[in-house]
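Colleague: Structure file data.txt (compact mmCIF, C-alpha atoms) is given on the next line.
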# COMPACT_ATOMS: atom_id res chain seq x y z
CA MET A 1 -182.04 39.92 -70.03
CA SER A 2 -181.76 40.79 -66.35
CA ILE A 3 -183.89 37.80 -65.26
CA SER A 4 -183.65 34.14 -66.20
CA PRO A 5 -185.42 30.94 -65.12
CA SER A 6 -183.80 28.27 -62.97
CA GLY A 7 -185.30 25.54 -65.15
CA LEU A 8 -188.52 23.98 -66.35
CA HIS A 9 -191.51 24.24 -64.02
CA HIS A 10 -193.95 21.94 -65.82
CA VAL A 11 -195.28 20.78 -69.17
CA THR A 12 -199.03 20.75 -69.86
CA ALA A 13 -200.58 18.50 -72.50
CA ILE A 14 -204.02 17.48 -73.76
CA GLY A 15 -205.09 13.90 -73.17
CA GLY A 16 -208.09 11.68 -73.81
CA ASN A 17 -209.91 9.47 -71.32
CA PRO A 18 -208.99 10.64 -67.77
CA GLN A 19 -208.91 7.13 -66.26
CA ARG A 20 -206.65 5.83 -69.01
CA ASN A 21 -204.41 8.87 -68.58
CA ALA A 22 -204.13 8.36 -64.81
CA ASP A 23 -203.48 4.63 -65.13
CA PHE A 24 -200.63 5.21 -67.59
CA TYR A 25 -198.82 8.00 -65.74
CA LEU A 26 -199.33 6.51 -62.27
CA ARG A 27 -198.82 2.81 -62.94
CA THR A 28 -196.76 2.58 -66.13
CA LEU A 29 -194.53 5.63 -65.61
CA GLY A 30 -194.65 5.51 -61.80
CA LEU A 31 -195.38 9.19 -61.16
CA ARG A 32 -197.55 10.47 -58.33
CA LEU A 33 -200.82 12.31 -58.89
CA VAL A 34 -200.15 15.36 -56.73
CA LYS A 35 -203.29 17.33 -57.53
CA THR A 36 -206.73 16.48 -58.84
CA THR A 37 -208.42 19.71 -59.84
CA VAL A 38 -210.13 21.22 -62.89
CA ASN A 39 -209.23 23.44 -65.80
CA PHE A 40 -209.98 26.83 -64.23
CA ASP A 41 -211.04 28.15 -67.66
CA ASP A 42 -213.24 25.08 -68.35
CA PRO A 43 -214.30 23.59 -64.99
CA GLY A 44 -216.07 20.66 -66.64
CA THR A 45 -212.64 19.21 -67.45
CA TYR A 46 -210.08 17.74 -65.06
CA HIS A 47 -206.61 19.22 -64.65
CA LEU A 48 -204.38 16.41 -63.41
CA TYR A 49 -200.88 17.12 -62.07
CA TYR A 50 -198.28 14.31 -61.97
CA GLY A 51 -194.84 14.61 -60.40
CA ASP A 52 -192.58 13.43 -57.61
CA GLY A 53 -193.69 12.77 -54.04
CA GLU A 54 -194.26 16.46 -53.27
CA GLY A 55 -194.97 17.80 -56.75
CA LYS A 56 -191.86 19.95 -56.80
CA PRO A 57 -191.40 22.35 -59.73
CA GLY A 58 -189.36 20.64 -62.43
CA SER A 59 -190.98 17.24 -61.81
CA LEU A 60 -194.42 18.12 -63.15
CA MET A 61 -196.38 16.88 -66.16
CA THR A 62 -199.98 18.07 -66.23
CA PHE A 63 -202.98 17.17 -68.40
CA PHE A 64 -206.32 18.47 -69.52
CA PRO A 65 -207.94 15.08 -70.31
CA TRP A 66 -211.08 15.21 -72.50
CA ASP A 67 -212.78 11.89 -73.24
CA GLY A 68 -213.27 11.68 -77.01
CA VAL A 69 -211.01 14.63 -77.81
CA ALA A 70 -209.97 14.93 -81.47
CA ASN A 71 -206.39 14.00 -82.30
CA GLY A 72 -203.89 16.79 -82.71
CA ARG A 73 -201.11 17.02 -85.27
CA LEU A 74 -197.41 17.26 -84.46
CA GLY A 75 -195.61 20.02 -86.30
CA THR A 76 -194.07 23.44 -86.05
CA GLY A 77 -195.13 25.86 -83.35
CA GLN A 78 -195.31 23.09 -80.76
CA ALA A 79 -193.39 21.39 -78.01
CA THR A 80 -193.21 18.01 -79.73
CA THR A 81 -191.41 15.76 -77.19
CA THR A 82 -191.36 15.78 -73.40
CA SER A 83 -188.37 14.00 -71.86
CA PHE A 84 -187.99 12.68 -68.31
CA SER A 85 -184.74 12.02 -66.45
CA VAL A 86 -183.98 8.46 -65.25
CA PRO A 87 -180.86 6.95 -63.63
CA ALA A 88 -177.85 6.24 -65.80
CA ASN A 89 -178.19 2.45 -65.91
CA SER A 90 -181.99 2.20 -66.04
CA ILE A 91 -182.80 2.41 -69.75
CA GLY A 92 -182.71 -1.37 -70.20
CA TRP A 93 -185.07 -1.84 -67.25
CA TRP A 94 -187.45 0.75 -68.69
CA LYS A 95 -187.47 -0.83 -72.13
CA GLN A 96 -188.47 -4.18 -70.63
CA HIS A 97 -191.01 -2.57 -68.29
CA LEU A 98 -192.71 -0.55 -71.02
CA GLU A 99 -192.83 -3.41 -73.50
CA ALA A 100 -194.29 -5.69 -70.82
CA ALA A 101 -197.02 -3.05 -70.38
CA GLY A 102 -197.76 -3.16 -74.12
CA VAL A 103 -195.98 0.10 -74.98
CA GLN A 104 -194.04 0.09 -78.24
CA THR A 105 -190.61 1.66 -77.77
CA SER A 106 -187.83 2.88 -80.02
CA ARG A 107 -184.36 1.45 -80.04
CA VAL A 108 -182.09 3.16 -77.52
CA MET A 109 -180.30 6.16 -79.05
CA THR A 110 -177.00 7.43 -77.64
CA SER A 111 -175.57 10.95 -78.07
CA ASP A 112 -173.90 13.54 -75.86
CA GLU A 113 -173.41 10.90 -73.15
CA GLU A 114 -177.19 10.43 -73.04
CA ASP A 115 -179.17 7.25 -73.68
CA THR A 116 -182.67 8.01 -74.91
CA LEU A 117 -185.69 5.71 -75.14
CA SER A 118 -188.72 7.09 -77.00
CA PHE A 119 -192.37 6.01 -77.01
CA ARG A 120 -195.90 7.41 -77.04
CA ASP A 121 -198.53 7.53 -74.33
CA PRO A 122 -202.04 6.09 -74.97
CA ASP A 123 -203.13 9.32 -76.71
CA GLY A 124 -200.06 9.50 -78.96
CA LEU A 125 -198.11 12.08 -76.95
CA SER A 126 -194.38 11.82 -77.69
CA ILE A 127 -192.41 10.93 -74.53
CA ALA A 128 -188.74 10.10 -73.99
CA LEU A 129 -186.72 8.79 -71.06
CA VAL A 130 -183.17 10.12 -70.89
CA ALA A 131 -180.36 8.61 -68.85
CA HIS A 132 -177.28 10.80 -68.45
CA GLN A 133 -173.99 10.05 -66.78
CA GLN A 134 -174.39 13.29 -64.83
CA PRO A 135 -176.15 12.34 -61.56
CA ASP A 136 -179.67 13.67 -61.02
CA PRO A 137 -180.01 14.26 -57.25
CA ARG A 138 -183.80 14.69 -57.26
CA ALA A 139 -185.65 12.14 -55.12
CA PRO A 140 -187.97 9.75 -57.00
CA TRP A 141 -191.47 8.57 -56.17
CA ASP A 142 -190.99 4.91 -55.22
CA THR A 143 -193.82 2.47 -56.08
CA PRO A 144 -194.08 -1.32 -56.29
CA LEU A 145 -194.39 -1.16 -60.09
CA VAL A 146 -191.56 1.35 -60.62
CA PRO A 147 -189.01 1.01 -57.80
CA GLY A 148 -186.97 4.01 -56.77
CA GLU A 149 -183.67 2.79 -58.20
CA HIS A 150 -185.17 3.10 -61.70
CA ALA A 151 -187.84 5.73 -61.18
CA ILE A 152 -188.23 9.03 -63.01
CA ARG A 153 -186.43 11.90 -61.26
CA GLY A 154 -188.33 14.71 -62.98
CA LEU A 155 -188.37 16.49 -66.29
CA HIS A 156 -185.18 16.29 -68.32
CA SER A 157 -185.92 18.52 -71.32
CA VAL A 158 -188.49 19.62 -73.86
CA THR A 159 -188.11 19.62 -77.64
CA MET A 160 -189.74 22.49 -79.54
CA THR A 161 -190.21 22.23 -83.31
CA VAL A 162 -190.14 25.46 -85.33
CA ALA A 163 -189.93 26.40 -88.99
CA GLU A 164 -187.18 29.01 -88.55
CA GLU A 165 -184.28 29.16 -86.14
CA THR A 166 -183.54 32.84 -85.67
CA GLY A 167 -186.60 34.24 -83.90
CA THR A 168 -186.93 31.34 -81.46
CA ALA A 169 -183.22 31.21 -80.66
CA ASP A 170 -183.09 34.97 -80.10
CA THR A 171 -186.08 34.81 -77.74
CA LEU A 172 -184.62 31.96 -75.71
CA VAL A 173 -181.29 33.73 -75.25
CA ASP A 174 -182.17 37.42 -75.23
CA ASP A 175 -185.61 37.38 -73.62
CA LEU A 176 -185.74 34.15 -71.59
CA GLY A 177 -182.14 34.29 -70.42
CA LEU A 178 -181.11 30.79 -71.57
CA ARG A 179 -177.63 29.84 -72.76
CA PHE A 180 -176.92 28.24 -76.13
CA LEU A 181 -174.95 25.02 -75.54
CA HIS A 182 -174.42 23.32 -78.89
CA GLN A 183 -175.96 22.24 -82.19
CA ASP A 184 -176.36 18.67 -83.43
CA GLY A 185 -177.69 18.59 -87.00
CA ASP A 186 -181.07 20.33 -87.03
CA ARG A 187 -181.24 20.50 -83.21
CA LEU A 188 -180.01 23.32 -81.00
CA ARG A 189 -179.74 22.85 -77.25
CA PHE A 190 -180.24 25.65 -74.73
CA ALA A 191 -179.90 25.59 -70.93
CA ALA A 192 -181.45 27.52 -68.07
CA GLY A 193 -179.67 28.14 -64.79
CA ASP A 194 -176.87 25.67 -64.19
CA GLY A 195 -178.12 23.38 -66.98
CA GLY A 196 -178.49 19.66 -66.52
CA PRO A 197 -181.68 17.58 -66.20
CA GLY A 198 -184.78 19.73 -65.79
CA ALA A 199 -183.20 22.85 -67.26
CA LEU A 200 -182.83 22.03 -70.97
CA VAL A 201 -184.75 22.81 -74.14
CA ASP A 202 -183.95 21.46 -77.59
CA VAL A 203 -185.08 23.39 -80.66
CA ARG A 204 -185.63 21.31 -83.78
CA VAL A 205 -185.70 23.39 -86.97
CA ASP A 206 -187.79 21.83 -89.75
CA PRO A 207 -189.04 24.23 -92.45
CA ALA A 208 -190.78 21.35 -94.27
CA ALA A 209 -192.87 20.21 -91.29
CA PRO A 210 -196.60 21.01 -91.26
CA ARG A 211 -197.98 23.52 -88.82
CA GLY A 212 -198.87 21.72 -85.61
CA LEU A 213 -202.45 21.44 -84.36
CA VAL A 214 -202.86 21.48 -80.57
CA ALA A 215 -205.47 18.86 -79.58
CA GLY A 216 -205.38 15.32 -78.19
CA GLY A 217 -201.90 13.86 -77.82
CA THR A 218 -200.04 17.18 -78.06
CA VAL A 219 -198.43 19.63 -75.65
CA HIS A 220 -200.41 22.77 -74.85
CA HIS A 221 -197.57 24.78 -73.31
CA ILE A 222 -194.29 24.61 -71.42
CA ALA A 223 -193.59 26.52 -68.20
CA TRP A 224 -190.40 28.02 -66.79
CA ARG A 225 -189.55 28.53 -63.11
CA VAL A 226 -189.18 31.78 -61.20
CA PRO A 227 -188.91 31.94 -57.41
CA ASP A 228 -191.65 34.42 -56.53
CA ASP A 229 -194.21 37.02 -57.59
CA ALA A 230 -191.80 39.96 -57.54
CA THR A 231 -189.45 38.25 -60.00
CA GLN A 232 -192.35 37.27 -62.24
CA LEU A 233 -193.73 40.81 -62.28
CA ALA A 234 -190.35 42.28 -63.17
CA TRP A 235 -189.95 39.74 -65.97
CA ARG A 236 -193.42 40.50 -67.30
CA GLU A 237 -192.60 44.19 -67.46
CA GLU A 238 -189.40 43.48 -69.41
CA LEU A 239 -191.21 41.22 -71.87
CA VAL A 240 -194.00 43.75 -72.44
CA GLY A 241 -191.36 46.43 -72.93
CA LYS A 242 -189.83 44.30 -75.69
CA GLY A 243 -193.15 44.05 -77.49
CA TYR A 244 -194.45 40.65 -76.39
CA ASP A 245 -198.18 40.16 -75.89
CA VAL A 246 -198.10 38.86 -72.31
CA THR A 247 -201.16 37.92 -70.26
CA SER A 248 -201.90 39.47 -66.92
CA ILE A 249 -200.72 37.52 -63.88
CA LEU A 250 -203.14 34.61 -63.36
CA ASP A 251 -203.80 32.82 -60.08
CA ARG A 252 -203.43 29.07 -60.64
CA GLN A 253 -203.91 28.34 -56.91
CA TYR A 254 -200.61 26.42 -56.62
CA PHE A 255 -198.51 29.01 -58.48
CA HIS A 256 -198.99 32.28 -60.36
CA SER A 257 -198.56 32.40 -64.14
CA ILE A 258 -198.06 34.59 -67.17
CA TYR A 259 -198.20 33.39 -70.78
CA PHE A 260 -196.87 34.53 -74.17
CA ARG A 261 -195.85 32.98 -77.49
CA GLU A 262 -192.31 32.94 -78.79
CA PRO A 263 -191.85 33.81 -82.52
CA GLY A 264 -191.99 30.15 -83.58
CA GLY A 265 -195.47 29.83 -82.08
CA VAL A 266 -194.81 27.72 -78.96
CA LEU A 267 -196.82 28.91 -75.96
CA GLN A 268 -194.58 29.74 -73.00
CA GLU A 269 -195.53 30.15 -69.36
CA ILE A 270 -193.57 31.63 -66.49
CA ALA A 271 -194.72 30.08 -63.19
CA THR A 272 -193.73 30.79 -59.59
CA ASP A 273 -192.19 28.24 -57.21
CA ASP A 274 -193.37 29.67 -53.94
CA ILE A 275 -196.89 28.32 -53.25
CA GLY A 276 -196.94 24.58 -53.90
CA PHE A 277 -199.46 21.75 -53.72
CA GLY A 278 -199.64 21.56 -49.92
CA VAL A 279 -201.64 24.79 -49.74
CA ASP A 280 -205.01 22.99 -49.66
CA GLU A 281 -204.26 19.41 -48.51
CA PRO A 282 -201.55 17.59 -46.52
CA LEU A 283 -198.66 15.83 -48.23
CA LEU A 284 -200.01 12.33 -47.54
CA GLU A 285 -203.34 13.21 -49.16
CA LEU A 286 -202.06 14.86 -52.36
CA GLY A 287 -204.19 14.12 -55.40
CA ARG A 288 -206.68 11.83 -53.68
CA SER A 289 -209.70 14.16 -53.74
CA LEU A 290 -211.02 16.91 -55.99
CA LYS A 291 -209.67 20.32 -55.05
CA LEU A 292 -211.22 23.55 -56.30
CA PRO A 293 -210.06 27.16 -55.97
CA PRO A 294 -212.17 29.39 -53.73
CA TRP A 295 -213.96 31.05 -56.65
CA LEU A 296 -215.20 27.67 -57.95
CA GLU A 297 -216.04 26.09 -54.58
CA PRO A 298 -219.67 27.35 -54.61
CA LYS A 299 -220.22 25.28 -57.78
CA ARG A 300 -218.67 22.08 -56.42
CA GLU A 301 -221.76 19.88 -56.78
CA GLU A 302 -222.34 21.03 -60.35
CA ILE A 303 -218.69 20.53 -61.27
CA GLN A 304 -218.42 17.09 -59.70
CA ALA A 305 -221.58 15.96 -61.51
CA ALA A 306 -220.04 16.94 -64.86
CA LEU A 307 -216.73 15.15 -64.28
CA PRO A 308 -216.24 11.44 -65.06
CA LYS A 309 -215.43 9.09 -62.19
CA LEU A 310 -211.70 8.70 -61.53
CA ASP A 311 -210.34 5.72 -59.57
CA LEU A 312 -206.78 6.10 -58.33
CA PRO A 313 -204.52 3.06 -57.90
CA ASP A 314 -203.18 2.26 -54.45
CA GLU A 315 -199.72 3.38 -55.53
CA ASN A 316 -200.86 7.03 -55.22
CA ASN A 317 -201.40 6.56 -51.46
CA PRO A 318 -198.00 6.88 -49.71
CA GLU A 319 -198.98 4.61 -46.82
CA VAL A 320 -200.21 1.84 -49.12
CA ALA A 321 -197.28 2.26 -51.50
CA GLU A 322 -194.85 1.95 -48.61
CA ARG A 323 -196.47 -1.31 -47.44
CA LEU A 324 -196.46 -2.72 -50.96
CA ALA A 325 -192.83 -1.77 -51.42
CA ALA A 326 -191.94 -3.46 -48.12
CA ARG A 327 -193.62 -6.66 -49.31
CA ARG A 328 -191.68 -6.47 -52.55
Take the structure I supplied and represent it as structure tokens, if you would.

Modeller:
Amino acid sequence: MSISPSGLHHVTAIGGNPQRNADFYLRTLGLRLVKTTVNFDDPGTYHLYYGDGEGKPGSLMTFFPWDGVANGRLGTGQATTTSFSVPANSIGWWKQHLEAAGVQTSRVMTSDEEDTLSFRDPDGLSIALVAHQQPDPRAPWDTPLVPGEHAIRGLHSVTMTVAEETGTADTLVDDLGLRFLHQDGDRLRFAAGDGGPGALVDVRVDPAAPRGLVAGGTVHHIAWRVPDDATQLAWREELVGKGYDVTSILDRQYFHSIYFREPGGVLQEIATDDIGFGVDEPLLELGRSLKLPPWLEPKREEIQAALPKLDLPDENNPEVAERLAARR
């Protein structure tokens, strides 16, 4: 493959009640809501983007939250765990913090110089925090509830579950340009770019697992990073030439996207880095008001009337968060 991603861009999942979703990811996990918008294909539903202070690619977890959504089923053909990177000595702090918030956690697992703490969000989505001895230089979002010395640095990795190894592994290496690193039991690890936190995908092979059902508490798709439109277009042409059913290039307002499924069934996206969340509001205001793309703006009143009310905690306001942190 002549083109390869530099790492993960974002992970998108399906959640339940929007307020509960925002409270968990902003207050319990300490992320910042960097964009409040809607599902462009279903404008009656929010699309919430969480990440670091600027919403940089590689820090992003996004949700389509539907109140009352049916539960999904974890299984093959899905990204089954989303992992975030935290500092090397922070796992103990996180275990205490999560349990104090009423979140049931696993025991800490250690392998490959990584300490991993697993748990589920309020809708049952499988999340892990990974602390690695390799430093993660990405700047955290610092809040009074999750101080910067322990805060999430961004995505660490994604685990995909498939029934068969060969097709998925071949696609990751030959068509997505990733490198195979090693195998540990039924798990194979692949790396994009230079590897390290934010550039890893684990493939779990489980022929006995049921087929996954994408609904509440499951991942909808994972996205890989490319720098610009020209690179994305060239990559699309290569994938189509290899027989993949790839969408046209879609305008997501904050990046451009193409989508296709790898042979194991997991939906993949390739998203550009070069637009960003500051295109329609200043950095200090990110996420604090509903933003719509130009083609939906004429229907703003109708869209707002259909959306449930969403109250953001003070921690999402940089000025307030800074004052609260100073008091702490």

Colleague: Fewer than 3 positions away in the same chain doesn't count, so skip those; otherwise give me all residues within 7 Å of Tyr46 in chain A, counting all atoms listed in the file, as a PyMOL selection string.

Modeller: chain A and resi 37-39+64-65

Colleague: Go through A:Gly44, A:Trp94, A:Leu181, A:Ala192 and flag the residue nearest Lys299 in chain A, using all atoms listed in the file for the distances.

Modeller: A:Gly44

Colleague: Provide the CA of Asp175 in chain A to CA of Glu262 in chain A distance in Å, to one decimal place.

Modeller: 9.6 Å

Colleague: Which residues are near Pro313 in chain A? Cut-off 8 Å, only C-alpha atoms, ignore same chain within fewer than 4 positions. Put them as a short mmCIF file (atom, residue, chain, number, x, y, z; two decimals) with C-alpha atoms, in the frame of the given file.

Modeller:
data_model
loop_
_atom_site.label_atom_id
_atom_site.label_comp_id
_atom_site.auth_asym_id
_atom_site.auth_seq_id
_atom_site.Cartn_x
_atom_site.Cartn_y
_atom_site.Cartn_z
CA ASP A 23 -203.48 4.63 -65.13
CA LEU A 26 -199.33 6.51 -62.27
CA ARG A 27 -198.82 2.81 -62.94
CA ASN A 317 -201.40 6.56 -51.46
#

Colleague: In terms of the shortest atom-to-atom distance over all atoms listed in the file, which of A:Asp251, A:Asp314, A:Asp186, A:Asp142 is closest to Gly51 in chain A?

Modeller: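 Checking each candidate against Gly51 in chain A, we get A:Asp142 as the closest.
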
Colleague: Quick one, how far is CA of Gly124 in chain A from CA of Gly217 in chain A?

Modeller: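 Separation of CA of Gly124 in chain A and CA of Gly217 in chain A: 4.9 Å.
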
Colleague: Work out how far apart CA of Gly276 in chain A and CA of Pro227 in chain A are and give it in Å to one decimal.

Modeller: 11.4 Å

Colleague: Give me the residues within 8 Å of range 101-103 of chain A as a ChimeraX atom specification, counting only C-alpha atoms and dropping any in the same chain fewer than 6 places off.

Modeller: /A:28,119-121

Colleague: Could you take the residues named above and write them with C-alpha atoms, as a PDB file, in the coordinates of the input?

Modeller:
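Output saved as result.pdb:
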ATOM      1  CA  THR A  28    -196.760   2.580 -66.130  1.00  0.00           C
ATOM      2  CA  PHE A 119    -192.370   6.010 -77.010  1.00  0.00           C
ATOM      3  CA  ARG A 120    -195.900   7.410 -77.040  1.00  0.00           C
ATOM      4  CA  ASP A 121    -198.530   7.530 -74.330  1.00  0.00           C
TER       5      ASP A 121
END

Colleague: Can you tell me which residues surround range 201-208 of chain A at a distance of at most 7 Å, considering all atoms listed in the file, apart from same-chain residues fewer than 2 positions away, and format the answer as a PDB file with C-alpha atoms, keeping the file's coordinate frame?

Modeller:
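New file around-v1.pdb:
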ATOM      1  CA  SER A 157    -185.920  18.520 -71.320  1.00  0.00           C
ATOM      2  CA  VAL A 158    -188.490  19.620 -73.860  1.00  0.00           C
ATOM      3  CA  THR A 159    -188.110  19.620 -77.640  1.00  0.00           C
ATOM      4  CA  MET A 160    -189.740  22.490 -79.540  1.00  0.00           C
ATOM      5  CA  THR A 161    -190.210  22.230 -83.310  1.00  0.00           C
ATOM      6  CA  VAL A 162    -190.140  25.460 -85.330  1.00  0.00           C
ATOM      7  CA  ALA A 163    -189.930  26.400 -88.990  1.00  0.00           C
ATOM      8  CA  GLU A 164    -187.180  29.010 -88.550  1.00  0.00           C
ATOM      9  CA  GLU A 165    -184.280  29.160 -86.140  1.00  0.00           C
ATOM     10  CA  ASP A 186    -181.070  20.330 -87.030  1.00  0.00           C
ATOM     11  CA  ARG A 187    -181.240  20.500 -83.210  1.00  0.00           C
ATOM     12  CA  LEU A 188    -180.010  23.320 -81.000  1.00  0.00           C
ATOM     13  CA  ARG A 189    -179.740  22.850 -77.250  1.00  0.00           C
ATOM     14  CA  PHE A 190    -180.240  25.650 -74.730  1.00  0.00           C
ATOM     15  CA  ALA A 191    -179.900  25.590 -70.930  1.00  0.00           C
ATOM     16  CA  PRO A 210    -196.600  21.010 -91.260  1.00  0.00           C
TER      17      PRO A 210
END

Colleague: Select, from A:Gly196, A:Gly241, A:Gly72, A:Gly287, the residue with the minimum atom-to-atom distance to Leu31 in chain A, counting all atoms listed in the file.

Modeller: A:Gly287

Colleague: Considering only C-alpha atoms, state which residue in the set A:Arg73, A:His150, A:Arg236, A:Lys95 is at the smallest distance from Ala128 in chain A.

Modeller: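 Of A:Arg73, A:His150, A:Arg236, A:Lys95, the one nearest Ala128 in chain A, counting only C-alpha atoms, is A:Lys95.
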
Colleague: Please identify all polymer residues within 12 Å of Lys309 in chain A, counting all atoms listed in the file, omitting same-chain residues fewer than 6 positions from it, and present them as a list of chain:residue names.

Modeller: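 The filter keeps A:Asn17, A:Pro18, A:Gln19, A:Arg20, A:Ala22, A:Thr36, A:Thr45, A:Tyr46, A:Asp67, A:Ser289, A:Leu290, A:Ile303.
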
Colleague: Pick from A:Ala305, A:Ile270, A:Val240, A:Leu60: nearest to Gly154 in chain A, with all atoms listed in the file counted?

Modeller: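 For Gly154 in chain A, the nearest of the candidates is A:Leu60.
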
Colleague: Pick out the closest residue to Trp141 in chain A from this set: A:Tyr50, A:Phe24, A:Trp295, A:Trp66. Count only C-alpha atoms.

Modeller: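 For Trp141 in chain A, the nearest of the candidates is A:Tyr50.
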
Colleague: With the cut-off set at 12 Å and counting all atoms listed in the file, tabulate each residue of range 8-109 of chain A with an atom at most that distance from an atom of range 166-173 of chain A, showing the nearest atom pair and its distance in Å to one decimal, ordered by chain and increasing number, as a tab-separated table.

Modeller:
residue	atom	partner	partner_atom	distance
A:Thr76	CA	A:Thr168	CA	11.6
A:Gly77	CA	A:Thr168	CA	10.0
A:Gln78	CA	A:Thr168	CA	11.8

Colleague: Would you tabulate, counting only C-alpha atoms, all residues of range 133-192 of chain A that have an atom at most 12 Å from an atom of range 105-116 of chain A, showing the closest pair of atoms and their distance in Å to one decimal, sorted by chain then ascending number, as JSON lines?

Modeller:
{"residue": "A:Gln133", "atom": "CA", "partner": "A:Glu113", "partner_atom": "CA", "distance": 6.5}
{"residue": "A:Gln134", "atom": "CA", "partner": "A:Glu113", "partner_atom": "CA", "distance": 8.7}
{"residue": "A:Pro135", "atom": "CA", "partner": "A:Glu114", "partner_atom": "CA", "distance": 11.7}
{"residue": "A:His156", "atom": "CA", "partner": "A:Thr116", "partner_atom": "CA", "distance": 10.9}
{"residue": "A:Ser157", "atom": "CA", "partner": "A:Thr116", "partner_atom": "CA", "distance": 11.6}
{"residue": "A:Leu181", "atom": "CA", "partner": "A:Asp112", "partner_atom": "CA", "distance": 11.5}
{"residue": "A:His182", "atom": "CA", "partner": "A:Asp112", "partner_atom": "CA", "distance": 10.3}
{"residue": "A:Gln183", "atom": "CA", "partner": "A:Asp112", "partner_atom": "CA", "distance": 11.0}
{"residue": "A:Asp184", "atom": "CA", "partner": "A:Ser111", "partner_atom": "CA", "distance": 9.4}
{"residue": "A:Gly185", "atom": "CA", "partner": "A:Ser111", "partner_atom": "CA", "distance": 11.9}
{"residue": "A:Arg189", "atom": "CA", "partner": "A:Asp112", "partner_atom": "CA", "distance": 11.1}
